[in-house]
$ cat my_file_35.cif   # mmCIF, C-alpha atoms
data_structure
loop_
_atom_site.label_atom_id
_atom_site.label_comp_id
_atom_site.auth_asym_id
_atom_site.auth_seq_id
_atom_site.Cartn_x
_atom_site.Cartn_y
_atom_site.Cartn_z
CA MET J 1 69.21 119.86 -122.89
CA ASN J 2 67.29 123.03 -123.65
CA LYS J 3 66.27 122.21 -127.19
CA CYS J 4 64.20 119.15 -126.33
CA ILE J 5 60.63 118.89 -125.17
CA LYS J 6 60.76 118.02 -121.48
CA LEU J 7 58.39 115.25 -120.42
CA ARG J 8 58.57 114.53 -116.71
CA VAL J 9 57.43 110.94 -117.10
CA MET J 10 60.52 109.98 -119.12
CA PRO J 11 63.17 110.26 -116.38
CA ALA J 12 60.83 108.27 -114.12
CA LEU J 13 60.57 105.47 -116.65
CA ILE J 14 64.34 105.46 -117.19
CA THR J 15 64.86 104.73 -113.51
CA LEU J 16 62.55 101.72 -113.82
CA ALA J 17 64.71 100.15 -116.53
CA PHE J 18 67.75 99.28 -114.45
CA SER J 19 70.84 97.09 -114.83
CA GLY J 20 71.35 94.19 -117.21
CA VAL J 21 68.84 94.87 -120.00
CA ALA J 22 69.11 94.01 -123.71
CA SER J 23 67.34 90.90 -124.94
CA ALA J 24 67.26 91.35 -128.71
CA SER J 25 70.41 91.64 -130.82
CA GLY J 26 72.78 94.53 -130.16
CA PHE J 27 71.22 96.72 -127.47
CA GLN J 28 67.63 96.58 -128.77
CA LEU J 29 64.81 95.51 -126.45
CA GLN J 30 62.37 93.01 -127.92
CA ASN J 31 60.30 93.03 -124.73
CA GLN J 32 57.62 95.54 -125.65
CA ASN J 33 54.87 93.42 -124.08
CA ALA J 34 54.46 90.24 -122.02
CA ALA J 35 52.09 88.44 -124.38
CA GLY J 36 54.89 88.18 -126.91
CA THR J 37 57.35 86.66 -124.45
CA SER J 38 55.36 83.41 -124.31
CA VAL J 39 55.74 82.86 -128.08
CA ALA J 40 59.28 84.31 -128.47
CA TYR J 41 57.61 87.27 -130.26
CA ALA J 42 56.81 85.08 -133.25
CA GLY J 43 54.33 86.74 -135.60
CA ALA J 44 54.18 89.88 -133.44
CA ALA J 45 53.27 92.14 -136.39
CA ALA J 46 50.22 89.98 -137.21
CA VAL J 47 48.80 89.05 -133.78
CA ALA J 48 46.74 92.16 -132.83
CA GLU J 49 45.19 90.66 -129.69
CA ASP J 50 45.64 93.62 -127.33
CA ALA J 51 46.73 97.27 -127.24
CA SER J 52 50.45 96.39 -127.48
CA THR J 53 49.90 95.98 -131.23
CA ILE J 54 50.57 99.75 -131.27
CA TYR J 55 54.30 99.00 -131.14
CA PHE J 56 54.47 95.92 -133.38
CA ASN J 57 51.91 96.99 -136.00
CA PRO J 58 49.56 99.94 -135.37
CA ALA J 59 47.14 98.69 -138.04
CA GLY J 60 46.25 95.92 -135.59
CA MET J 61 44.24 98.41 -133.49
CA THR J 62 41.36 97.93 -135.94
CA TYR J 63 41.00 94.35 -134.64
CA LEU J 64 40.50 95.43 -131.02
CA PRO J 65 37.02 95.71 -129.42
CA MET J 66 35.05 98.95 -129.50
CA GLY J 67 35.69 101.34 -126.63
CA HIS J 68 38.94 101.54 -124.69
CA SER J 69 41.72 98.94 -124.69
CA LEU J 70 44.48 99.09 -122.10
CA SER J 71 47.63 96.97 -121.66
CA LEU J 72 50.18 97.34 -118.87
CA ALA J 73 53.22 95.04 -119.02
CA GLY J 74 56.45 94.37 -117.18
CA THR J 75 59.34 92.01 -117.94
CA VAL J 76 62.08 91.10 -115.50
CA ILE J 77 65.30 90.18 -117.30
CA SER J 78 67.96 88.25 -115.40
CA ARG J 79 71.13 88.34 -117.48
CA SER J 80 74.55 86.77 -116.90
CA VAL J 81 77.68 87.94 -118.74
CA LYS J 82 80.89 86.15 -117.74
CA PHE J 83 84.34 86.78 -119.19
CA THR J 84 87.32 84.41 -119.11
CA ASP J 85 90.70 85.91 -119.94
CA THR J 86 92.64 83.97 -122.60
CA GLY J 87 95.75 86.10 -123.04
CA THR J 88 95.14 89.81 -122.55
CA THR J 89 98.35 91.81 -122.92
CA ARG J 90 99.46 94.21 -120.21
CA MET J 91 98.60 97.90 -120.53
CA PRO J 92 101.65 100.21 -120.40
CA VAL J 93 101.60 103.20 -118.06
CA ILE J 94 101.39 106.39 -120.14
CA ASN J 95 102.94 109.70 -119.12
CA PRO J 96 100.06 112.21 -119.40
CA THR J 97 102.46 115.03 -120.31
CA THR J 98 104.36 113.35 -123.13
CA GLY J 99 101.76 110.73 -124.12
CA ARG J 100 104.55 108.13 -124.20
CA PRO J 101 104.99 104.90 -122.18
CA THR J 102 106.97 105.23 -118.96
CA GLY J 103 108.28 101.65 -119.16
CA ALA J 104 106.01 100.43 -116.37
CA PHE J 105 102.80 98.43 -116.76
CA HIS J 106 99.41 98.48 -115.06
CA PRO J 107 98.31 95.33 -113.17
CA LEU J 108 96.62 92.92 -115.57
CA GLY J 109 93.56 92.33 -113.40
CA ASP J 110 91.03 89.50 -113.38
CA ASN J 111 87.83 88.25 -115.10
CA GLY J 112 85.74 91.06 -113.61
CA GLY J 113 82.91 89.06 -112.05
CA ASP J 114 79.46 88.86 -113.65
CA GLY J 115 78.82 91.84 -115.92
CA GLY J 116 75.07 91.21 -116.08
CA GLY J 117 72.29 91.78 -113.56
CA ALA J 118 68.54 92.05 -113.14
CA SER J 119 66.28 94.57 -114.86
CA LEU J 120 62.65 95.59 -115.08
CA VAL J 121 61.35 96.66 -118.51
CA PRO J 122 57.94 98.41 -118.31
CA ALA J 123 55.49 99.11 -121.13
CA PHE J 124 52.09 100.83 -121.38
CA TYR J 125 49.62 100.92 -124.28
CA TYR J 126 46.18 102.50 -124.76
CA SER J 127 43.84 102.34 -127.75
CA TYR J 128 40.44 103.95 -128.35
CA ALA J 129 37.90 103.14 -131.07
CA ILE J 130 36.71 106.50 -132.40
CA THR J 131 34.53 104.66 -134.94
CA PRO J 132 34.44 100.99 -136.00
CA ALA J 133 36.99 101.85 -138.70
CA LEU J 134 39.11 104.57 -137.06
CA ARG J 135 41.33 104.03 -134.00
CA PHE J 136 43.73 106.10 -131.91
CA GLY J 137 46.48 104.75 -129.69
CA LEU J 138 49.39 105.68 -127.46
CA GLY J 139 52.36 103.52 -126.50
CA MET J 140 55.09 104.16 -123.95
CA SER J 141 58.02 101.74 -123.62
CA VAL J 142 61.78 101.22 -123.35
CA THR J 143 62.92 100.48 -126.91
CA TYR J 144 66.70 100.27 -126.42
CA GLY J 145 68.64 99.44 -123.29
CA SER J 146 71.84 97.84 -122.15
CA GLU J 147 73.68 98.02 -118.85
CA THR J 148 76.83 96.01 -118.24
CA GLU J 149 79.20 96.50 -115.30
CA TYR J 150 82.36 94.62 -114.30
CA ASP J 151 84.47 94.87 -111.18
CA ASP J 152 87.10 97.62 -110.92
CA THR J 153 89.83 94.97 -111.33
CA PHE J 154 88.50 93.70 -114.68
CA SER J 155 91.34 92.91 -117.10
CA GLY J 156 89.36 94.52 -119.93
CA ARG J 157 88.71 97.74 -117.98
CA PHE J 158 90.84 99.87 -120.35
CA SER J 159 88.52 98.82 -123.20
CA GLY J 160 85.29 99.17 -121.23
CA ARG J 161 84.13 98.53 -117.66
CA TYR J 162 80.61 99.98 -117.59
CA THR J 163 78.02 100.87 -120.23
CA SER J 164 74.50 102.23 -119.77
CA ILE J 165 72.19 102.87 -122.76
CA HIS J 166 68.55 103.74 -122.10
CA GLN J 167 65.97 104.92 -124.64
CA ILE J 168 62.36 105.70 -123.71
CA ASN J 169 59.81 105.97 -126.53
CA LEU J 170 56.38 107.65 -126.82
CA ASN J 171 54.35 106.37 -129.77
CA PRO J 172 51.02 108.12 -130.61
CA SER J 173 49.32 106.20 -133.44
CA VAL J 174 46.26 106.03 -135.68
CA ALA J 175 44.76 103.14 -137.64
CA TYR J 176 42.05 102.86 -140.29
CA LYS J 177 40.21 99.81 -141.58
CA VAL J 178 39.79 100.33 -145.32
CA ASN J 179 37.73 97.17 -145.80
CA ASP J 180 37.54 93.58 -144.57
CA LEU J 181 40.85 92.82 -146.31
CA LEU J 182 43.01 95.85 -145.54
CA SER J 183 43.88 97.88 -142.44
CA LEU J 184 46.52 100.64 -142.28
CA GLY J 185 48.33 102.16 -139.31
CA PHE J 186 50.78 104.99 -138.71
CA GLY J 187 52.61 106.28 -135.66
CA LEU J 188 54.99 109.01 -134.61
CA ASN J 189 57.83 108.27 -132.20
CA TYR J 190 59.43 110.66 -129.75
CA ALA J 191 62.39 109.14 -127.91
CA LYS J 192 64.85 110.28 -125.26
CA ASN J 193 68.25 108.57 -125.25
CA GLU J 194 70.77 108.62 -122.39
CA ILE J 195 74.17 106.93 -122.52
CA GLU J 196 77.15 106.57 -120.20
CA PHE J 197 80.48 104.78 -120.69
CA ARG J 198 83.22 104.23 -118.12
CA GLN J 199 86.65 102.72 -118.63
CA GLY J 200 90.12 102.87 -117.18
CA THR J 201 92.67 105.23 -118.70
CA PRO J 202 96.31 104.15 -119.15
CA TYR J 203 97.86 107.20 -117.50
CA VAL J 204 99.78 107.32 -114.23
CA GLY J 205 97.36 106.36 -111.46
CA ALA J 206 94.90 104.81 -113.94
CA PRO J 207 92.06 107.30 -113.34
CA GLU J 208 88.69 106.14 -114.64
CA GLY J 209 87.23 108.08 -117.54
CA LYS J 210 83.51 108.69 -118.01
CA LEU J 211 81.67 109.74 -121.17
CA SER J 212 77.98 110.65 -120.92
CA GLY J 213 75.43 112.24 -123.21
CA GLU J 214 71.73 112.59 -123.98
CA ASP J 215 69.38 113.82 -126.66
CA ASP J 216 65.87 113.35 -128.01
CA ALA J 217 64.73 112.56 -131.54
CA TRP J 218 61.67 111.93 -133.70
CA GLY J 219 60.86 108.95 -135.90
CA TYR J 220 57.87 107.10 -137.31
CA ASN J 221 56.41 103.65 -137.83
CA PHE J 222 53.68 102.23 -140.04
CA GLY J 223 51.98 98.92 -140.60
CA VAL J 224 49.63 97.00 -142.88
CA MET J 225 47.26 94.17 -141.95
CA LEU J 226 45.88 91.88 -144.67
CA GLN J 227 43.06 89.53 -143.61
CA PHE J 228 43.03 87.18 -146.60
CA THR J 229 40.56 84.75 -144.99
CA PRO J 230 39.03 84.47 -141.51
CA ALA J 231 41.94 82.12 -140.69
CA THR J 232 44.86 83.84 -142.45
CA ARG J 233 46.32 87.23 -141.59
CA LEU J 234 49.54 88.84 -142.84
CA GLY J 235 51.18 91.74 -141.02
CA ILE J 236 53.84 94.03 -142.47
CA SER J 237 55.46 96.72 -140.33
CA TYR J 238 58.30 99.22 -140.51
CA ARG J 239 59.95 101.32 -137.79
CA SER J 240 62.31 104.12 -138.82
CA SER J 241 65.80 104.81 -137.56
CA MET J 242 66.29 107.72 -135.16
CA LYS J 243 69.31 110.04 -135.12
CA PHE J 244 70.49 111.47 -131.81
CA ASP J 245 72.97 114.37 -131.57
CA LEU J 246 74.18 113.53 -128.09
CA GLU J 247 75.52 116.30 -125.86
CA GLY J 248 77.33 115.58 -122.64
CA SER J 249 80.70 115.50 -120.93
CA GLN J 250 84.02 113.73 -120.62
CA VAL J 251 85.26 113.45 -117.04
CA ILE J 252 88.62 111.95 -115.98
CA GLY J 253 89.78 111.97 -112.37
CA SER J 254 93.08 112.88 -110.74
CA PRO J 255 95.81 113.49 -111.76
CA LEU J 256 94.37 114.55 -115.15
CA ASN J 257 91.30 116.33 -113.66
CA ILE J 258 89.50 116.68 -117.02
CA ASP J 259 85.89 117.86 -117.22
CA ARG J 260 84.85 119.09 -120.67
CA GLN J 261 81.84 119.17 -122.94
CA ILE J 262 81.56 116.69 -125.82
CA THR J 263 79.15 115.77 -128.61
CA ALA J 264 78.55 112.50 -130.48
CA GLU J 265 76.12 111.08 -133.03
CA LEU J 266 74.13 107.89 -132.54
CA GLU J 267 71.66 106.52 -135.10
CA THR J 268 69.50 103.65 -133.88
CA PRO J 269 68.53 101.12 -136.59
CA ASP J 270 65.34 100.81 -138.60
CA THR J 271 63.40 97.52 -138.66
CA PHE J 272 61.16 95.79 -141.20
CA SER J 273 58.99 92.78 -140.32
CA PHE J 274 56.80 90.25 -142.17
CA ALA J 275 54.49 88.24 -139.91
CA LEU J 276 51.86 85.53 -140.34
CA SER J 277 48.95 84.38 -138.18
CA GLN J 278 47.34 81.16 -139.43
CA LYS J 279 44.48 79.51 -137.55
CA ILE J 280 44.33 75.73 -137.88
CA GLY J 281 40.99 74.40 -136.73
CA ASP J 282 39.05 75.96 -133.87
CA ARG J 283 41.76 75.83 -131.23
CA PHE J 284 45.26 76.26 -132.71
CA GLU J 285 46.94 79.37 -134.15
CA LEU J 286 50.33 79.22 -135.88
CA LEU J 287 52.57 82.32 -135.72
CA ALA J 288 55.69 83.11 -137.75
CA ASP J 289 57.79 86.13 -138.66
CA ALA J 290 60.98 87.33 -140.31
CA THR J 291 62.38 90.67 -139.14
CA TRP J 292 65.26 92.67 -140.62
CA THR J 293 67.18 95.23 -138.52
CA GLY J 294 69.48 97.82 -140.07
CA TRP J 295 72.24 97.66 -137.46
CA SER J 296 74.84 98.98 -139.94
CA SER J 297 73.72 102.47 -138.86
CA VAL J 298 75.70 101.83 -135.65
CA ASN J 299 79.28 101.97 -136.89
CA ALA J 300 81.16 103.99 -134.26
CA LEU J 301 80.46 106.43 -131.45
CA THR J 302 82.90 109.33 -131.92
CA PRO J 303 83.14 111.80 -129.00
CA LEU J 304 84.14 115.27 -130.24
CA LEU J 305 85.22 118.41 -128.40
CA SER J 306 83.67 121.80 -129.18
CA ASN J 307 86.45 122.53 -131.69
CA GLY J 308 85.70 119.32 -133.62
CA THR J 309 88.73 117.33 -132.46
CA LEU J 310 88.51 113.86 -130.95
CA ALA J 311 88.02 113.69 -127.18
CA THR J 312 89.18 110.08 -127.20
CA ALA J 313 89.46 107.18 -129.62
CA PRO J 314 86.11 106.34 -131.30
CA LEU J 315 84.18 103.44 -129.81
CA ARG J 316 83.93 101.23 -132.90
CA TYR J 317 81.06 98.73 -133.13
CA ASN J 318 81.19 98.00 -136.89
CA PHE J 319 77.69 96.50 -136.66
CA GLU J 320 76.13 94.67 -139.63
CA ASP J 321 72.46 94.28 -140.61
CA THR J 322 70.71 91.25 -139.13
CA TRP J 323 67.69 88.94 -139.49
CA ARG J 324 65.47 87.44 -136.82
CA PHE J 325 63.14 84.44 -137.39
CA GLY J 326 60.38 83.32 -135.04
CA LEU J 327 57.92 80.42 -134.93
CA GLY J 328 55.22 79.95 -132.30
CA GLY J 329 51.77 78.66 -131.56
CA LYS J 330 48.73 79.28 -129.36
CA TYR J 331 46.27 76.62 -128.21
CA GLN J 332 42.81 77.45 -126.82
CA LEU J 333 42.49 74.93 -123.99
CA ASN J 334 39.09 76.20 -122.81
CA GLN J 335 37.23 79.49 -122.46
CA ALA J 336 39.56 80.72 -119.72
CA TRP J 337 43.02 79.50 -120.79
CA ASN J 338 45.09 79.97 -123.96
CA LEU J 339 48.42 78.11 -123.88
CA ARG J 340 51.45 79.36 -125.84
CA ALA J 341 55.01 78.46 -126.85
CA GLY J 342 57.60 79.65 -129.34
CA VAL J 343 61.18 79.60 -130.57
CA ALA J 344 63.26 82.25 -132.34
CA TYR J 345 66.71 82.73 -133.80
CA ASP J 346 68.25 86.20 -133.63
CA GLU J 347 71.47 87.09 -135.44
CA SER J 348 74.11 89.25 -133.78
CA PRO J 349 75.25 92.43 -135.56
CA VAL J 350 78.85 91.97 -134.31
CA PRO J 351 80.89 90.91 -137.38
CA ASN J 352 84.03 89.49 -135.73
CA ASN J 353 86.03 89.09 -132.52
CA GLU J 354 87.95 92.31 -133.10
CA SER J 355 84.70 94.31 -133.12
CA ARG J 356 83.22 92.70 -129.99
CA THR J 357 83.27 95.20 -127.11
CA MET J 358 83.51 94.37 -123.41
CA THR J 359 80.18 95.93 -122.49
CA VAL J 360 78.09 94.87 -125.53
CA PRO J 361 79.58 91.37 -126.03
CA ASP J 362 76.78 90.36 -128.36
CA SER J 363 76.38 86.96 -130.07
CA ASP J 364 73.80 84.94 -132.02
CA ARG J 365 70.99 83.77 -129.76
CA THR J 366 68.12 81.29 -129.66
CA TRP J 367 64.88 81.86 -127.73
CA LEU J 368 62.79 79.12 -126.08
CA SER J 369 59.53 80.43 -124.64
CA PHE J 370 56.21 79.34 -123.15
CA GLY J 371 53.31 80.85 -121.24
CA ALA J 372 49.56 81.42 -121.17
CA ARG J 373 46.75 83.98 -121.31
CA TRP J 374 44.13 83.75 -118.55
CA GLN J 375 40.79 85.32 -119.44
CA VAL J 376 39.88 86.49 -115.95
CA THR J 377 36.59 88.12 -116.98
CA LYS J 378 35.01 89.07 -120.29
CA ALA J 379 36.80 92.44 -120.09
CA ALA J 380 40.07 91.52 -118.36
CA SER J 381 42.88 89.12 -119.15
CA LEU J 382 46.34 88.35 -117.78
CA ASP J 383 49.36 87.23 -119.83
CA MET J 384 52.18 85.23 -118.28
CA GLY J 385 55.36 84.37 -120.18
CA TYR J 386 58.81 82.88 -119.61
CA ALA J 387 61.74 82.73 -122.01
CA HIS J 388 65.28 81.46 -121.80
CA ILE J 389 67.78 82.91 -124.26
CA PHE J 390 70.72 80.74 -125.28
CA PHE J 391 73.68 82.85 -126.44
CA LYS J 392 76.41 81.40 -128.61
CA ASP J 393 79.76 81.33 -126.79
CA VAL J 394 82.05 83.90 -128.42
CA SER J 395 85.47 85.51 -128.01
CA THR J 396 87.00 88.96 -128.27
CA ALA J 397 90.36 90.26 -129.51
CA ARG J 398 89.78 93.95 -128.89
CA ALA J 399 92.54 96.47 -129.56
CA VAL J 400 92.84 99.41 -127.13
CA LYS J 401 94.18 102.76 -128.34
CA ASN J 402 94.51 106.24 -126.85
CA THR J 403 93.29 107.93 -130.03
CA ALA J 404 92.34 106.77 -133.49
CA GLU J 405 95.84 107.48 -134.77
CA THR J 406 97.98 105.87 -132.06
CA ALA J 407 99.34 102.34 -132.11
CA THR J 408 97.61 99.57 -130.18
CA LEU J 409 98.51 99.77 -126.49
CA GLN J 410 96.75 96.60 -125.35
CA THR J 411 94.78 93.72 -126.84
CA VAL J 412 92.02 92.25 -124.69
CA ARG J 413 91.58 88.54 -125.41
CA GLY J 414 88.92 86.42 -123.76
CA ASP J 415 85.79 84.28 -124.02
CA PHE J 416 82.23 85.32 -123.18
CA LYS J 417 79.46 83.11 -121.80
CA THR J 418 76.10 84.85 -121.72
CA SER J 419 72.57 83.74 -120.84
CA ALA J 420 69.28 85.40 -119.96
CA ASP J 421 65.95 84.49 -118.35
CA LEU J 422 62.83 86.58 -118.91
CA PHE J 423 59.73 86.64 -116.69
CA SER J 424 56.75 88.64 -118.01
CA LEU J 425 53.31 89.71 -116.82
CA GLN J 426 50.74 91.79 -118.68
CA MET J 427 47.30 93.02 -117.72
CA ASN J 428 44.76 93.77 -120.47
CA TYR J 429 41.43 95.52 -119.93
CA ASN J 430 38.65 96.59 -122.32
CA PHE J 431 35.91 99.01 -121.29
#
$ encode --input "my_file_35.cif" --output "structure tokens"
Amino acid sequence: MNKCIKLRVMPALITLAFSGVASASGFQLQNQNAAGTSVAYAGAAAVAEDASTIYFNPAGMTYLPMGHSLSLAGTVISRSVKFTDTGTTRMPVINPTTGRPTGAFHPLGDNGGDGGGASLVPAFYYSYAITPALRFGLGMSVTYGSETEYDDTFSGRFSGRYTSIHQINLNPSVAYKVNDLLSLGFGLNYAKNEIEFRQGTPYVGAPEGKLSGEDDAWGYNFGVMLQFTPATRLGISYRSSMKFDLEGSQVIGSPLNIDRQITAELETPDTFSFALSQKIGDRFELLADATWTGWSSVNALTPLLSNGTLATAPLRYNFEDTWRFGLGGKYQLNQAWNLRAGVAYDESPVPNNESRTMTVPDSDRTWLSFGARWQVTKAASLDMGYAHIFFKDVSTARAVKNTAETATLQTVRGDFKTSADLFSLQMNYNF
């Protein structure tokens, strides 16, 4: 795309975030650091223990040591998505000339194998203390991502067989400590979004259709830190939505042989978080948060041709706004080791079975996490975290249409069982 600022590092980072991602609700990635994994990201907007605070609350940079602070993190996500058919109807064969059924039906297919996979989610953060009160920072991370792929014989292939959503974010930030009570932070966000959808088409020969698009956009985030007492800190943070005017193509193989340019709009949600850090005694720190996400901005993805007409039926998500709640704790075992654990409950934005898609089969989830920070030297530390995410078993009753106006051709009915394991490492260095 000619209109966007080209940053060579972004395509390189996109290739690092490969199949199976998405650990927060919808297709959002919670895994912006490894330190947070060990406490299920409880109290993330109030922690401010390393440079990754740039993402969760930029005001937290004022709590970092003088000089340079660097954090480099990586999270491996192993995700399983298994579908069990419970009564999917057969898809009629459509004559591509008349748009009417021929009287024949496509093979129903099977459960499609495991739609999940393994992924690596990288993140990098740097903060510099210009003065004791004024800080500058830069974050680079994958903020949204989902990749789900079923076998070619998947019974839900006419609704969706493959989805890839990747969004890389650059986040320059500043923070200022007003006084011992109040710190403020602000950041700009430049993001590049790339999407691709593949699904079977109902025409003679069942050629697979592919929609793809990309765009970049700007947004912002800000945060407030309130240090009420040496033991009590409140963090408040907000991250804006970002609107992408995607440009790409629709490609369908033989016998249709379609290759045409399309556009679509995608608006990622804004988030608002309240977080608490409460020290209890000399060794224990309690963490808690409540985070709202405005998922209702993701209603439908509507691919349009250059003349403004529909390229295909809109991909309707019908997402609703959600809440996430986290509770965690850290225990200072000795000078070298800080032990951590946490739990969280994250609502799904999917409102009902009819809105649940094949490739984003989201559901309510519960996190169970533990880990540790090892203070290797005075200047260097290493975070290690593990989390298992329990997804609620859910079903789908998804209607498949050729266009928004046509009658339902097929209804995909089935049950989803999803789970995920996260393994995180993070290196922190101050100099």
$ closest_residue --input "my_file_35.cif" --among "J:Pro314, J:Gly205, J:Pro269, J:Gly223" --to "Ile94 of chain J" --atoms "all atoms listed in the file"
J:Gly205
$ resolve_selection --input "my_file_35.cif" --expression "the PyMOL selection byres ((chain J and resi 294-303) around 9)" --output "JSON, numbers by chain"
{"J": [26, 211, 241, 250, 262, 263, 264, 265, 266, 267, 268, 269, 270, 271, 272, 292, 293, 304, 305, 309, 310, 311, 312, 313, 314, 315, 316, 317, 318, 319, 320, 321, 322, 349]}
$ write_last_selection --input "my_file_35.cif" --atoms "C-alpha atoms" --output "PDB file, keeping the file's coordinate frame"
ATOM      1  CA  GLY J  26      72.780  94.530-130.160  1.00  0.00           C
ATOM      2  CA  LEU J 211      81.670 109.740-121.170  1.00  0.00           C
ATOM      3  CA  SER J 241      65.800 104.810-137.560  1.00  0.00           C
ATOM      4  CA  GLN J 250      84.020 113.730-120.620  1.00  0.00           C
ATOM      5  CA  ILE J 262      81.560 116.690-125.820  1.00  0.00           C
ATOM      6  CA  THR J 263      79.150 115.770-128.610  1.00  0.00           C
ATOM      7  CA  ALA J 264      78.550 112.500-130.480  1.00  0.00           C
ATOM      8  CA  GLU J 265      76.120 111.080-133.030  1.00  0.00           C
ATOM      9  CA  LEU J 266      74.130 107.890-132.540  1.00  0.00           C
ATOM     10  CA  GLU J 267      71.660 106.520-135.100  1.00  0.00           C
ATOM     11  CA  THR J 268      69.500 103.650-133.880  1.00  0.00           C
ATOM     12  CA  PRO J 269      68.530 101.120-136.590  1.00  0.00           C
ATOM     13  CA  ASP J 270      65.340 100.810-138.600  1.00  0.00           C
ATOM     14  CA  THR J 271      63.400  97.520-138.660  1.00  0.00           C
ATOM     15  CA  PHE J 272      61.160  95.790-141.200  1.00  0.00           C
ATOM     16  CA  TRP J 292      65.260  92.670-140.620  1.00  0.00           C
ATOM     17  CA  THR J 293      67.180  95.230-138.520  1.00  0.00           C
ATOM     18  CA  LEU J 304      84.140 115.270-130.240  1.00  0.00           C
ATOM     19  CA  LEU J 305      85.220 118.410-128.400  1.00  0.00           C
ATOM     20  CA  THR J 309      88.730 117.330-132.460  1.00  0.00           C
ATOM     21  CA  LEU J 310      88.510 113.860-130.950  1.00  0.00           C
ATOM     22  CA  ALA J 311      88.020 113.690-127.180  1.00  0.00           C
ATOM     23  CA  THR J 312      89.180 110.080-127.200  1.00  0.00           C
ATOM     24  CA  ALA J 313      89.460 107.180-129.620  1.00  0.00           C
ATOM     25  CA  PRO J 314      86.110 106.340-131.300  1.00  0.00           C
ATOM     26  CA  LEU J 315      84.180 103.440-129.810  1.00  0.00           C
ATOM     27  CA  ARG J 316      83.930 101.230-132.900  1.00  0.00           C
ATOM     28  CA  TYR J 317      81.060  98.730-133.130  1.00  0.00           C
ATOM     29  CA  ASN J 318      81.190  98.000-136.890  1.00  0.00           C
ATOM     30  CA  PHE J 319      77.690  96.500-136.660  1.00  0.00           C
ATOM     31  CA  GLU J 320      76.130  94.670-139.630  1.00  0.00           C
ATOM     32  CA  ASP J 321      72.460  94.280-140.610  1.00  0.00           C
ATOM     33  CA  THR J 322      70.710  91.250-139.130  1.00  0.00           C
ATOM     34  CA  PRO J 349      75.250  92.430-135.560  1.00  0.00           C
TER      35      PRO J 349
END
$ closest_residue --input "my_file_35.cif" --among "J:Ala175, J:Ala51, J:Ile236, J:Met242" --to "Tyr190 of chain J" --atoms "only C-alpha atoms"
J:Met242
$ atom_distance --input "my_file_35.cif" --atom1 "atom CA of Gln410 of chain J" --atom2 "atom CA of Pro101 of chain J"
12.1 Å
$ atom_distance --input "my_file_35.cif" --atom1 "atom CA of Val142 of chain J" --atom2 "atom CA of Gly371 of chain J"
22.2 Å
$ atom_distance --input "my_file_35.cif" --atom1 "atom CA of Ile280 of chain J" --atom2 "atom CA of Pro230 of chain J"
10.8 Å
$ closest_residue --input "my_file_35.cif" --among "J:Met384, J:Met427, J:Val251, J:Leu182" --to "Arg198 of chain J" --atoms "only C-alpha atoms"
J:Val251
$ resolve_selection --input "my_file_35.cif" --expression "the PyMOL selection byres ((chain J and resi 61-64) around 7)" --output "list in words"
Ala48, Glu49, Asp50, Ala51, Thr53, Ile54, Pro58, Ala59, Gly60, Pro65, Met66, Ser127, Ala133, Arg135, Ala175, Tyr176, Lys177 and Ser183 of chain J
$ write_last_selection --input "my_file_35.cif" --atoms "C-alpha atoms" --output "PDB file, in the coordinates of the input"
ATOM      1  CA  ALA J  48      46.740  92.160-132.830  1.00  0.00           C
ATOM      2  CA  GLU J  49      45.190  90.660-129.690  1.00  0.00           C
ATOM      3  CA  ASP J  50      45.640  93.620-127.330  1.00  0.00           C
ATOM      4  CA  ALA J  51      46.730  97.270-127.240  1.00  0.00           C
ATOM      5  CA  THR J  53      49.900  95.980-131.230  1.00  0.00           C
ATOM      6  CA  ILE J  54      50.570  99.750-131.270  1.00  0.00           C
ATOM      7  CA  PRO J  58      49.560  99.940-135.370  1.00  0.00           C
ATOM      8  CA  ALA J  59      47.140  98.690-138.040  1.00  0.00           C
ATOM      9  CA  GLY J  60      46.250  95.920-135.590  1.00  0.00           C
ATOM     10  CA  PRO J  65      37.020  95.710-129.420  1.00  0.00           C
ATOM     11  CA  MET J  66      35.050  98.950-129.500  1.00  0.00           C
ATOM     12  CA  SER J 127      43.840 102.340-127.750  1.00  0.00           C
ATOM     13  CA  ALA J 133      36.990 101.850-138.700  1.00  0.00           C
ATOM     14  CA  ARG J 135      41.330 104.030-134.000  1.00  0.00           C
ATOM     15  CA  ALA J 175      44.760 103.140-137.640  1.00  0.00           C
ATOM     16  CA  TYR J 176      42.050 102.860-140.290  1.00  0.00           C
ATOM     17  CA  LYS J 177      40.210  99.810-141.580  1.00  0.00           C
ATOM     18  CA  SER J 183      43.880  97.880-142.440  1.00  0.00           C
TER      19      SER J 183
END
$ resolve_selection --input "my_file_35.cif" --expression "the PyMOL selection byres ((chain J and resi 85-87) around 9)" --output "MDAnalysis selection string"
chainID J and resid 83:84 88:89 110:111 155:156 411:415
$ residues_around --input "my_file_35.cif" --residues "Gly200 of chain J" --least-positions-apart "4" --cutoff "7 Å" --atoms "only C-alpha atoms" --output "list in words"
Arg157, Phe158, Ala206, Pro207, Glu208 and Gly209 of chain J
$ closest_atom_pairs --input "my_file_35.cif" --of "segment 126-225 of chain J" --to "segment 356-365 of chain J" --cutoff "12 Å" --atoms "all atoms listed in the file" --output "tab-separated table"
residue	atom	partner	partner_atom	distance
J:Gly145	CA	J:Val360	CA	10.7
J:Ser146	CA	J:Val360	CA	7.7
J:Glu147	CA	J:Thr359	CA	7.7
J:Thr148	CA	J:Thr359	CA	5.4
J:Glu149	CA	J:Thr359	CA	7.3
J:Tyr150	CA	J:Thr359	CA	8.6
J:Phe154	CA	J:Met358	CA	10.1
J:Ser155	CA	J:Met358	CA	10.2
J:Gly156	CA	J:Met358	CA	6.8
J:Arg157	CA	J:Met358	CA	8.2
J:Phe158	CA	J:Met358	CA	9.7
J:Ser159	CA	J:Met358	CA	6.7
J:Gly160	CA	J:Met358	CA	5.6
J:Arg161	CA	J:Thr359	CA	6.8
J:Tyr162	CA	J:Thr359	CA	6.4
J:Thr163	CA	J:Thr359	CA	5.8
J:Ser164	CA	J:Thr359	CA	8.9
J:Ile165	CA	J:Val360	CA	10.3
J:Glu196	CA	J:Thr359	CA	11.3
J:Phe197	CA	J:Thr359	CA	9.0
J:Arg198	CA	J:Thr359	CA	9.9
J:Gln199	CA	J:Met358	CA	10.1
